[in-house]
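What's in final33.txt: compact mmCIF, C-alpha atoms and all ligand atoms
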# COMPACT_ATOMS: atom_id res chain seq x y z
CA MET T 1 5.02 14.46 4.55
CA VAL T 2 4.85 12.16 7.59
CA LYS T 3 7.53 9.50 7.34
CA ASN T 4 6.28 6.41 9.13
CA VAL T 5 8.39 3.25 9.21
CA VAL T 6 7.17 -0.35 9.37
CA VAL T 7 9.45 -3.40 9.59
CA ILE T 8 7.87 -6.85 9.46
CA VAL T 9 10.10 -9.81 10.24
CA ILE T 10 8.69 -13.22 9.33
CA ASP T 11 10.71 -15.45 11.60
CA CYS T 12 12.28 -18.46 9.81
CA LEU T 13 11.06 -17.49 6.31
CA ARG T 14 13.45 -18.98 3.77
CA LEU T 15 14.33 -17.14 0.57
CA ASP T 16 13.30 -20.10 -1.60
CA TYR T 17 9.90 -20.29 0.11
CA SER T 18 9.20 -16.57 0.04
CA ASN T 19 7.17 -16.49 -3.19
CA GLU T 20 4.01 -17.17 -1.20
CA ILE T 21 4.59 -13.90 0.64
CA TRP T 22 5.55 -12.11 -2.56
CA ASP T 23 2.18 -13.18 -4.04
CA VAL T 24 0.54 -11.06 -1.35
CA LEU T 25 2.96 -8.12 -1.36
CA SER T 26 3.09 -7.73 -5.14
CA LYS T 27 -0.55 -6.55 -5.04
CA TYR T 28 0.40 -3.62 -2.83
CA GLY T 29 3.24 -2.10 -4.84
CA PHE T 30 6.16 -3.68 -3.03
CA TYR T 31 9.53 -4.25 -4.70
CA LYS T 32 11.26 -7.56 -4.44
CA MET T 33 15.02 -7.44 -3.92
CA ASP T 34 17.07 -10.50 -4.89
CA PHE T 35 17.93 -11.32 -1.29
CA ALA T 36 19.41 -9.88 1.88
CA VAL T 37 22.13 -11.35 4.05
CA THR T 38 21.17 -11.61 7.70
CA THR T 39 23.99 -11.21 10.19
CA ALA T 40 23.25 -14.32 12.26
CA PRO T 41 21.26 -17.55 11.96
CA TRP T 42 18.99 -16.93 14.96
CA THR T 43 16.69 -14.35 16.47
CA ILE T 44 18.52 -12.29 19.10
CA PRO T 45 21.78 -11.41 17.26
CA ALA T 46 19.95 -10.95 13.95
CA HIS T 47 17.43 -8.49 15.41
CA ALA T 48 20.13 -6.71 17.41
CA SER T 49 21.97 -6.09 14.11
CA MET T 50 18.87 -4.74 12.37
CA LEU T 51 18.37 -2.26 15.18
CA THR T 52 22.00 -1.21 15.71
CA GLY T 53 23.68 -1.57 12.32
CA LEU T 54 26.34 -3.62 14.08
CA TYR T 55 27.52 -7.17 13.47
CA PRO T 56 27.14 -9.73 16.30
CA SER T 57 30.87 -9.47 17.17
CA GLU T 58 30.28 -5.77 17.70
CA HIS T 59 26.92 -5.61 19.53
CA GLY T 60 27.81 -8.64 21.67
CA ALA T 61 24.28 -10.15 21.85
CA HIS T 62 25.41 -13.58 20.70
CA GLU T 63 26.17 -17.06 22.02
CA SER T 64 29.61 -18.42 22.88
CA LYS T 65 30.96 -21.63 24.41
CA ASN T 66 30.17 -20.36 27.90
CA ARG T 67 27.29 -18.04 27.19
CA LYS T 68 23.97 -19.52 26.17
CA VAL T 69 20.35 -18.35 26.11
CA GLY T 70 19.47 -16.77 29.43
CA LYS T 71 22.81 -14.97 29.57
CA ILE T 72 22.52 -13.48 26.07
CA GLU T 73 21.05 -10.03 26.16
CA PHE T 74 20.81 -7.10 23.78
CA LYS T 75 22.26 -4.16 25.70
CA ILE T 76 23.01 -1.45 23.13
CA LYS T 77 20.98 1.69 23.77
CA ASP T 78 22.43 3.43 20.70
CA ASN T 79 19.84 1.84 18.43
CA LEU T 80 17.17 2.59 15.82
CA VAL T 81 14.31 2.60 18.34
CA ASN T 82 15.98 5.32 20.39
CA ASP T 83 17.08 7.19 17.22
CA LEU T 84 13.43 7.42 16.20
CA LYS T 85 12.14 8.22 19.68
CA ARG T 86 14.56 11.17 19.80
CA ARG T 87 13.05 12.34 16.52
CA GLY T 88 9.53 12.35 18.00
CA TYR T 89 8.42 8.92 16.78
CA THR T 90 6.07 6.69 18.75
CA THR T 91 7.46 3.17 18.63
CA TYR T 92 5.43 -0.06 18.63
CA LEU T 93 6.63 -3.64 18.97
CA PHE T 94 4.27 -6.51 18.07
CA ILE T 95 5.82 -9.90 18.71
CA ALA T 96 5.09 -13.55 19.29
CA ASN T 97 8.75 -14.47 19.90
CA ALA T 98 9.80 -14.59 23.56
CA PHE T 99 13.39 -13.71 22.57
CA LEU T 100 12.26 -10.20 21.62
CA THR T 101 10.76 -9.28 24.97
CA GLU T 102 12.13 -6.78 27.51
CA ARG T 103 13.79 -9.71 29.32
CA PHE T 104 16.21 -10.13 26.40
CA GLY T 105 16.83 -6.40 25.98
CA PHE T 106 14.22 -5.31 23.44
CA GLY T 107 12.30 -3.07 25.83
CA ASP T 108 13.11 0.33 24.31
CA PHE T 109 9.81 0.51 22.39
CA ASP T 110 7.04 2.77 23.77
CA HIS T 111 4.37 0.10 23.30
CA ILE T 112 5.05 -3.62 23.44
CA TYR T 113 2.49 -6.25 22.56
CA PHE T 114 3.62 -9.85 23.15
CA ASN T 115 1.30 -12.76 22.56
CA SER T 116 2.52 -16.17 21.55
CA ASN T 117 -0.88 -17.91 21.64
CA VAL T 118 0.59 -20.70 23.72
CA PRO T 119 -2.31 -22.17 25.73
CA ASP T 120 -0.30 -21.73 28.95
CA ARG T 121 -2.16 -18.49 29.58
CA LEU T 122 -5.21 -20.47 30.62
CA PHE T 123 -3.29 -21.70 33.65
CA LEU T 124 -0.59 -19.18 34.37
CA LYS T 125 -0.52 -15.60 35.54
CA PRO T 126 1.68 -13.28 33.39
CA ASP T 127 4.57 -13.25 35.90
CA GLU T 128 4.42 -17.06 36.21
CA LEU T 129 4.39 -17.40 32.42
CA ARG T 130 7.42 -15.12 32.12
CA TYR T 131 9.29 -17.08 34.79
CA LEU T 132 8.56 -20.44 33.16
CA THR T 133 9.34 -19.14 29.65
CA GLU T 134 12.78 -18.03 30.82
CA GLU T 135 13.39 -21.26 32.69
CA THR T 136 12.40 -23.51 29.79
CA LEU T 137 14.43 -21.46 27.32
CA THR T 138 17.54 -21.73 29.43
CA LYS T 139 17.35 -25.11 31.15
CA SER T 140 16.65 -28.76 30.47
CA PRO T 141 13.29 -30.14 31.77
CA LEU T 142 15.17 -31.60 34.75
CA GLY T 143 16.91 -28.27 35.35
CA VAL T 144 13.54 -26.48 35.34
CA LEU T 145 12.17 -29.01 37.83
CA ILE T 146 15.17 -28.62 40.17
CA SER T 147 14.98 -24.84 39.97
CA ILE T 148 11.24 -24.82 40.82
CA LEU T 149 11.78 -27.21 43.72
CA LYS T 150 14.71 -25.15 45.06
CA LYS T 151 12.56 -22.05 45.03
CA ARG T 152 9.71 -24.00 46.66
CA LYS T 153 7.26 -22.87 44.03
CA LEU T 154 5.06 -25.94 44.49
CA LYS T 155 1.91 -24.31 43.17
CA LEU T 156 3.81 -23.43 40.01
CA LEU T 157 5.06 -27.00 39.74
CA PHE T 158 1.46 -28.28 39.63
CA LYS T 159 0.49 -25.59 37.17
CA GLY T 160 3.56 -26.38 35.02
CA CYS T 161 2.58 -30.06 34.94
CA ALA T 162 -0.96 -29.07 33.92
CA VAL T 163 0.46 -26.93 31.10
CA PHE T 164 2.70 -29.77 29.95
CA ALA T 165 -0.22 -32.23 29.90
CA TYR T 166 -2.45 -29.67 28.22
CA ARG T 167 0.15 -29.07 25.49
CA LYS T 168 0.59 -32.77 24.88
CA LEU T 169 -3.09 -33.72 24.92
CA SER T 170 -4.75 -30.80 23.25
CA SER T 171 -2.25 -28.90 21.15
CA PHE T 172 -5.00 -28.25 18.65
CA VAL T 173 -7.10 -26.22 21.08
CA GLY T 174 -6.72 -22.59 20.14
CA GLY T 175 -4.88 -23.70 17.03
CA TRP T 176 -1.46 -23.90 18.71
CA PRO T 177 1.17 -24.69 17.46
CA LYS T 178 -0.25 -23.89 14.01
CA GLU T 179 -1.33 -20.48 15.20
CA LYS T 180 1.54 -18.85 17.08
CA GLY T 181 0.19 -15.37 17.62
CA ILE T 182 -0.41 -13.68 14.26
CA SER T 183 -4.23 -13.57 14.68
CA LYS T 184 -4.00 -11.65 17.93
CA ILE T 185 -1.35 -9.35 16.47
CA ILE T 186 -3.70 -8.54 13.59
CA LYS T 187 -6.57 -7.85 16.02
CA LYS T 188 -4.37 -5.63 18.15
CA ILE T 189 -3.12 -3.69 15.12
CA ARG T 190 -6.68 -3.21 13.90
CA LYS T 191 -7.66 -1.71 17.26
CA THR T 192 -4.54 0.42 17.76
CA ASN T 193 -4.75 4.10 17.03
CA PHE T 194 -1.18 4.70 15.86
CA LYS T 195 0.26 8.08 16.74
CA GLU T 196 2.22 9.59 13.83
CA PRO T 197 5.03 9.60 13.08
CA PHE T 198 5.36 5.96 14.10
CA PHE T 199 7.77 3.06 13.93
CA ILE T 200 6.09 -0.33 13.93
CA PHE T 201 8.25 -3.43 14.32
CA MET T 202 6.67 -6.86 14.06
CA ASN T 203 7.88 -10.44 14.41
CA ILE T 204 5.62 -13.17 13.05
CA MET T 205 6.24 -16.68 14.38
CA GLU T 206 4.03 -19.06 12.42
CA LEU T 207 6.92 -20.73 10.51
CA HIS T 208 8.97 -21.33 13.65
CA GLU T 209 9.09 -24.61 15.55
CA PRO T 210 7.38 -26.35 17.29
CA TYR T 211 5.71 -28.36 14.53
CA ARG T 212 3.10 -31.06 14.97
CA SER T 213 5.13 -33.90 13.46
CA ASN T 214 8.71 -34.80 12.58
CA ASN T 215 8.09 -34.37 8.87
CA VAL T 216 9.56 -30.89 9.03
CA ARG T 217 9.32 -30.03 5.35
CA ALA T 218 5.63 -30.95 5.11
CA GLU T 219 4.99 -29.08 8.39
CA TYR T 220 6.88 -26.01 7.19
CA GLU T 221 4.91 -25.98 3.94
CA ALA T 222 1.60 -26.39 5.79
CA GLN T 223 2.56 -23.56 8.15
CA LEU T 224 3.46 -21.41 5.15
CA ARG T 225 0.01 -21.95 3.61
CA TYR T 226 -1.59 -20.96 6.92
CA LEU T 227 0.72 -17.96 7.26
CA LYS T 228 -0.13 -16.78 3.74
CA ARG T 229 -3.85 -16.58 4.55
CA LYS T 230 -3.14 -14.66 7.75
CA PHE T 231 -0.55 -12.44 6.07
CA GLU T 232 -3.15 -11.43 3.48
CA LYS T 233 -5.36 -10.36 6.38
CA LEU T 234 -2.52 -8.44 7.99
CA MET T 235 -1.84 -6.55 4.75
CA GLU T 236 -5.56 -5.78 4.37
CA VAL T 237 -5.66 -4.30 7.87
CA LEU T 238 -2.50 -2.22 7.29
CA ASN T 239 -3.91 -1.06 3.96
CA ASP T 240 -7.33 -0.18 5.41
CA LYS T 241 -5.63 1.92 8.06
CA GLY T 242 -3.71 3.81 5.35
CA ILE T 243 -0.41 2.56 6.77
CA LEU T 244 0.85 0.97 3.55
CA ASP T 245 0.40 4.21 1.62
CA ASN T 246 2.20 6.58 3.93
CA SER T 247 5.03 4.45 5.30
CA LEU T 248 8.35 2.97 4.37
CA VAL T 249 7.56 -0.74 4.73
CA ILE T 250 10.16 -3.51 4.81
CA VAL T 251 9.28 -7.21 4.96
CA THR T 252 12.13 -9.64 5.56
CA SER T 253 13.10 -12.54 7.82
CA ASP T 254 15.68 -12.76 10.57
CA HIS T 255 16.96 -16.14 9.27
CA GLY T 256 15.67 -19.16 7.39
CA GLN T 257 15.14 -22.70 8.52
CA LEU T 258 16.91 -25.96 7.63
CA LEU T 259 14.48 -28.67 6.58
CA GLY T 260 16.81 -31.63 6.49
CA GLU T 261 19.37 -30.33 3.97
CA ARG T 262 22.74 -32.02 4.56
CA GLY T 263 21.13 -33.83 7.49
CA ARG T 264 20.58 -30.53 9.30
CA GLY T 265 17.44 -29.02 10.79
CA GLY T 266 16.29 -25.89 12.60
CA HIS T 267 18.47 -22.81 12.85
CA GLY T 268 21.06 -21.17 15.06
CA VAL T 269 24.34 -22.99 14.47
CA PHE T 270 25.14 -23.15 10.78
CA LEU T 271 25.72 -20.51 8.11
CA ASP T 272 24.10 -22.35 5.21
CA ASP T 273 22.43 -20.33 2.45
CA GLU T 274 19.01 -21.64 3.59
CA LEU T 275 19.63 -19.79 6.85
CA ILE T 276 21.41 -16.58 6.02
CA LYS T 277 20.15 -15.58 2.55
CA VAL T 278 16.78 -14.09 3.37
CA PRO T 279 13.97 -12.41 1.38
CA PHE T 280 13.72 -8.62 1.31
CA PHE T 281 10.62 -6.76 0.12
CA ILE T 282 10.28 -3.02 0.29
CA LYS T 283 7.68 -0.32 -0.34
CA ILE T 284 8.38 3.38 -0.18
CA PRO T 285 5.82 6.19 -0.24
CA ASN T 286 5.47 7.60 -3.79
CA GLY T 287 8.76 6.22 -4.94
CA LYS T 288 10.56 3.72 -7.11
CA ILE T 289 13.29 1.37 -6.01
CA THR T 290 16.52 0.98 -7.92
CA LYS T 291 18.81 -1.97 -7.37
CA PHE T 292 22.51 -1.45 -6.79
CA ASP T 293 25.58 -3.67 -7.09
CA GLY T 294 26.59 -5.58 -4.01
CA TYR T 295 24.64 -7.15 -1.17
CA ILE T 296 21.84 -5.97 1.05
CA SER T 297 22.95 -6.60 4.61
CA HIS T 298 20.60 -6.31 7.58
CA ALA T 299 23.44 -4.40 9.21
CA ASN T 300 22.64 -1.57 6.76
CA LEU T 301 18.98 -1.26 7.72
CA ARG T 302 19.45 1.35 10.43
CA ARG T 303 21.40 3.83 8.30
CA PHE T 304 18.89 3.44 5.45
CA VAL T 305 15.89 4.13 7.74
CA ILE T 306 17.57 7.13 9.38
CA LYS T 307 18.45 8.64 6.00
CA PHE T 308 14.81 8.19 4.92
CA VAL T 309 13.50 9.81 8.10
CA ASP T 310 15.97 12.73 8.06
CA ASP T 311 16.21 13.36 4.36
CA ARG T 312 15.23 11.04 1.51
CA VAL T 313 15.12 7.49 0.21
CA ASP T 314 18.63 6.35 -0.67
CA VAL T 315 18.46 2.68 -1.61
CA SER T 316 22.22 2.55 -2.19
CA LEU T 317 22.60 2.68 1.62
CA LEU T 318 21.09 -0.79 1.89
CA PHE T 319 23.91 -2.23 -0.22
CA SER T 320 27.51 -3.07 0.61
CA LYS T 321 30.29 -4.55 -1.51
CA VAL T 322 30.66 -7.23 1.10
CA ALA T 323 28.24 -8.79 3.63
CA PHE T 324 28.90 -11.06 6.59
CA ALA T 325 27.05 -13.44 8.90
CA GLU T 326 28.43 -14.87 12.11
CA SER T 327 27.82 -17.91 14.25
CA PHE T 328 29.49 -18.86 17.52
CA GLY T 329 27.99 -22.31 18.08
CA SER T 330 24.71 -23.30 19.60
CA PHE T 331 22.66 -20.68 21.47
CA SER T 332 20.83 -23.32 23.47
CA SER T 333 22.30 -24.94 26.55
CA LYS T 334 20.27 -28.04 25.71
CA ILE T 335 21.95 -28.98 22.42
CA VAL T 336 25.65 -28.55 22.89
CA ASP T 337 27.82 -30.37 20.39
CA PRO T 338 31.47 -29.43 21.05
CA LYS T 339 32.44 -29.77 17.40
CA PHE T 340 30.13 -26.91 16.42
CA GLU T 341 31.12 -24.58 19.25
CA ARG T 342 33.34 -22.30 17.15
CA HIS T 343 33.24 -18.76 15.81
CA LYS T 344 32.56 -18.83 12.09
CA VAL T 345 32.13 -16.01 9.59
CA ALA T 346 30.28 -16.31 6.30
CA VAL T 347 31.42 -13.79 3.71
CA PHE T 348 29.68 -12.72 0.50
CA TYR T 349 32.01 -10.94 -1.89
CA LYS T 350 32.20 -10.58 -5.68
CA GLY T 351 29.45 -13.15 -6.22
CA CYS T 352 31.27 -15.67 -4.07
CA LYS T 353 30.53 -17.08 -0.61
CA GLY T 354 32.96 -18.54 1.88
CA ILE T 355 32.61 -19.81 5.44
CA TYR T 356 35.68 -19.09 7.54
CA ASP T 357 36.49 -20.93 10.74
CA VAL T 358 38.03 -18.25 12.94
CA GLU T 359 39.65 -20.70 15.35
CA SER T 360 41.45 -22.86 12.79
CA HIS T 361 42.10 -19.89 10.43
CA ARG T 362 40.80 -21.65 7.38
CA PHE T 363 37.83 -21.72 5.04
CA GLU T 364 35.61 -24.73 5.69
CA GLU T 365 33.68 -23.87 2.53
CA ILE T 366 34.54 -21.64 -0.39
CA GLY T 367 32.48 -20.99 -3.51
CA CYS T 368 35.31 -19.82 -5.75
CA PRO T 369 38.76 -21.05 -4.73
CA GLU T 370 40.46 -18.57 -7.12
CA LEU T 371 39.32 -15.76 -4.80
CA LYS T 372 40.53 -17.49 -1.63
CA GLU T 373 43.36 -15.07 -0.82
CA GLU T 374 41.24 -12.01 -1.45
CA LEU T 375 38.38 -13.42 0.63
CA GLU T 376 40.74 -14.22 3.47
CA LEU T 377 41.97 -10.62 3.55
CA VAL T 378 38.37 -9.38 3.60
CA VAL T 379 37.49 -11.66 6.53
CA LYS T 380 40.63 -10.73 8.47
CA GLU T 381 39.86 -7.04 8.02
CA PHE T 382 36.30 -7.73 9.26
CA LEU T 383 37.63 -9.52 12.34
CA ARG T 384 40.07 -6.70 13.08
CA ARG T 385 37.44 -3.98 12.65
CA THR T 386 34.73 -5.73 14.67
CA LYS T 387 37.14 -6.49 17.52
CA GLN T 388 38.19 -2.86 17.66
CA LYS T 389 34.57 -1.68 17.62
CA ARG T 390 33.58 -4.12 20.40
CA ARG T 391 36.47 -2.90 22.55
CA MET T 392 35.31 0.69 22.04
CA ILE T 393 31.71 -0.21 22.98
CA GLU T 394 32.86 -2.00 26.13
CA GLU T 395 35.10 0.92 27.15
CA ASN T 396 32.25 3.40 26.66
CA SER T 397 29.85 1.24 28.63
CA LEU T 398 32.38 1.02 31.50
CA LYS T 399 32.87 4.81 31.45
CA GLU T 400 29.08 5.26 31.56
CA LYS T 401 28.80 2.92 34.56
CA ILE T 402 31.51 4.89 36.38
CA ARG T 403 29.77 8.19 35.56
CA LYS T 404 26.49 6.82 36.96
CA LEU T 405 28.16 5.63 40.15
CA LYS T 406 29.84 9.03 40.57
CA ARG T 407 26.54 10.85 40.00
CA SER T 408 24.81 8.71 42.59
CA GLY T 409 27.63 9.39 45.05
CA LYS T 410 28.56 5.70 45.38
CA ILE T 411 32.19 6.38 44.37
ZN ZN K 501 14.14 -15.97 14.62

Go ahead and render the structure in this file as structure tokens.
Ligand SMILES: [Zn+2]
Amino acid sequence: MVKNVVVIVIDCLRLDYSNEIWDVLSKYGFYKMDFAVTTAPWTIPAHASMLTGLYPSEHGAHESKNRKVGKIEFKIKDNLVNDLKRRGYTTYLFIANAFLTERFGFGDFDHIYFNSNVPDRLFLKPDELRYLTEETLTKSPLGVLISILKKRKLKLLFKGCAVFAYRKLSSFVGGWPKEKGISKIIKKIRKTNFKEPFFIFMNIMELHEPYRSNNVRAEYEAQLRYLKRKFEKLMEVLNDKGILDNSLVIVTSDHGQLLGERGRGGHGVFLDDELIKVPFFIKIPNGKITKFDGYISHANLRRFVIKFVDDRVDVSLLFSKVAFAESFGSFSSKIVDPKFERHKVAVFYKGCKGIYDVESHRFEEIGCPELKEELELVVKEFLRRTKQKRRMIEENSLKEKIRKLKRSGKI
């Protein structure tokens, strides 16, 4: 039997809004798990964990006080994509999220299709678009302007202004920002002749900002209705191609989205349930799913997929007695609030959740105070283990660099 693997990440899909997606998936024999715990409240560290089985503290692709987007890169080559390539898989990445491009370290896939449906493509060549995407993700508008002027890219400055005006005046042309790439992903999938065995990884962006108005909840709900129609189409295409029948398929999200709860919006800083408890739907070829005690962590995805590919379905591998999520502050250099720039760990254990502030050594939130001491021990053990693992990864990477330099005769 060919063991294909498909992972679909619906960026920003909240657990409590995921029934719309379940409506579609339930028709195709998926199983709905209660929830999964993502490892981080934003795209890069969360995806890096899915692919490596490591927590952000271990894989290192996360923000810190001095490291913001632009300097955050996924660098671990010991990952699921390479595991599967070594086993003869052809690997496909379909994305509309700029954070998952080669620039941010996700270039190990054999085939990468990136299309965000931003109208900029009308004006900009691909290399110009890449340059401006990076600049706008990492700098303030003034910073982008200064950088363009310093590099004397005057033509690009005019084009950038045209893009800005175009976005402001005609954001409805081409459907953007309502349509953020899913239609072109569906078209591309329909046309692709997938070479078996394959690993398809997708990131769908329709629920992500930007929205058309400041009424974020109404916008999110409208986007969800739009996404549902498109997601039905996507499932139809995958079904018509026979992919749903002969693959392990997982549908989840990398994090949720805050829609004004506790005065908070967006994602990336906090470890609220709306952000880190995410939906998890699964379909296995000719098989049934059993639920186990504990928590599904995205950090367990890699070992589960590898076991499936090498041997059999073992759902217990998705579960752990304890699951964690980590945040280190804001990932964006544009929205720095010093009071949030701290390493925090959310822990799920024995039906209880706590959020531990690593710098002040105390829980800022705890679901069941009677378990406080036990939870503190669990978090401290996590911090010790992840620190040790990170040190090992850094040492190995240094040794590898030295080996390369020796091989090339430079030292
Ligand atoms: Zn994301």

Name the closest residue to Phe94 of chain T among the candidates T:Val251, T:Val322, T:Ile200, T:Cys368; distances are taken between atoms, counting all atoms listed in the file.
T:Ile200

Would you please work out which residue, of T:Lys65, T:Lys230, T:His208, T:Lys85, is nearest to Asn97 of chain T when using all atoms listed in the file?
T:His208

Separation of atom CA of Pro279 of chain T and atom CA of Ile189 of chain T, in Å?
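For atom CA of Pro279 of chain T relative to atom CA of Ile189 of chain T, the distance reads 23.6 Å.
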
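The spacing separating atom CA of Val305 of chain T from atom CA of Ser397 of chain T amounts to 25.3 Å.
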
Can you write out as CSV which residues of chain T fall within 10 Å of ligand ZN 501 (chain K), alongside each residue's closest atom pair and its distance in Å to one decimal, counting only C-alpha atoms and all ligand atoms and ordering rows by chain and ascending residue number?
residue,atom,partner,partner_atom,distance
T:Val9,CA,K:ZN501,ZN,8.6
T:Ile10,CA,K:ZN501,ZN,8.1
T:Asp11,CA,K:ZN501,ZN,4.6
T:Cys12,CA,K:ZN501,ZN,5.7
T:Leu13,CA,K:ZN501,ZN,9.0
T:Ala40,CA,K:ZN501,ZN,9.6
T:Pro41,CA,K:ZN501,ZN,7.8
T:Trp42,CA,K:ZN501,ZN,5.0
T:Thr43,CA,K:ZN501,ZN,3.5
T:Ile44,CA,K:ZN501,ZN,7.3
T:Pro45,CA,K:ZN501,ZN,9.3
T:Ala46,CA,K:ZN501,ZN,7.7
T:His47,CA,K:ZN501,ZN,8.2
T:Asn97,CA,K:ZN501,ZN,7.7
T:Phe99,CA,K:ZN501,ZN,8.3
T:Leu100,CA,K:ZN501,ZN,9.3
T:Asn203,CA,K:ZN501,ZN,8.4
T:Ile204,CA,K:ZN501,ZN,9.1
T:Met205,CA,K:ZN501,ZN,7.9
T:Leu207,CA,K:ZN501,ZN,9.6
T:His208,CA,K:ZN501,ZN,7.5
T:Ser253,CA,K:ZN501,ZN,7.7
T:Asp254,CA,K:ZN501,ZN,5.4
T:His255,CA,K:ZN501,ZN,6.1
T:Gly256,CA,K:ZN501,ZN,8.0
T:Gln257,CA,K:ZN501,ZN,9.1
T:His267,CA,K:ZN501,ZN,8.3
T:Gly268,CA,K:ZN501,ZN,8.7

How about saving the chosen residues, C-alpha atoms kept, as a CSV table (one decimal), in the coordinates of the input?
chain,number,residue,atom,x,y,z
T,9,VAL,CA,10.1,-9.8,10.2
T,10,ILE,CA,8.7,-13.2,9.3
T,11,ASP,CA,10.7,-15.4,11.6
T,12,CYS,CA,12.3,-18.5,9.8
T,13,LEU,CA,11.1,-17.5,6.3
T,40,ALA,CA,23.2,-14.3,12.3
T,41,PRO,CA,21.3,-17.6,12.0
T,42,TRP,CA,19.0,-16.9,15.0
T,43,THR,CA,16.7,-14.4,16.5
T,44,ILE,CA,18.5,-12.3,19.1
T,45,PRO,CA,21.8,-11.4,17.3
T,46,ALA,CA,20.0,-11.0,14.0
T,47,HIS,CA,17.4,-8.5,15.4
T,97,ASN,CA,8.8,-14.5,19.9
T,99,PHE,CA,13.4,-13.7,22.6
T,100,LEU,CA,12.3,-10.2,21.6
T,203,ASN,CA,7.9,-10.4,14.4
T,204,ILE,CA,5.6,-13.2,13.0
T,205,MET,CA,6.2,-16.7,14.4
T,207,LEU,CA,6.9,-20.7,10.5
T,208,HIS,CA,9.0,-21.3,13.6
T,253,SER,CA,13.1,-12.5,7.8
T,254,ASP,CA,15.7,-12.8,10.6
T,255,HIS,CA,17.0,-16.1,9.3
T,256,GLY,CA,15.7,-19.2,7.4
T,257,GLN,CA,15.1,-22.7,8.5
T,267,HIS,CA,18.5,-22.8,12.8
T,268,GLY,CA,21.1,-21.2,15.1

Gap from atom CA of Lys401 of chain T to atom CA of Tyr55 of chain T - Å, one decimal
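Taking atom CA of Lys401 of chain T and atom CA of Tyr55 of chain T, their separation equals 23.4 Å.
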
Rank T:Asn215, T:Ser140, T:Thr133, T:Thr91 by their smallest atom-to-atom distance to Met202 of chain T, using all atoms listed in the file, and report the top residue only.
T:Thr91

Exercise: segment 287-298 of chain T partners within 10 Å, only C-alpha atoms, chain neighbours under 5 positions left out, as number ranges by chain:
T: 29-40, 46-55, 248, 252-254, 277-278, 280, 282, 313-325, 348-351

Protein, DNA and RNA residues within 6 Å of (36.7, -17.4, 15.7), only C-alpha atoms, as a ChimeraX atom specification
/T:343-344,358-359
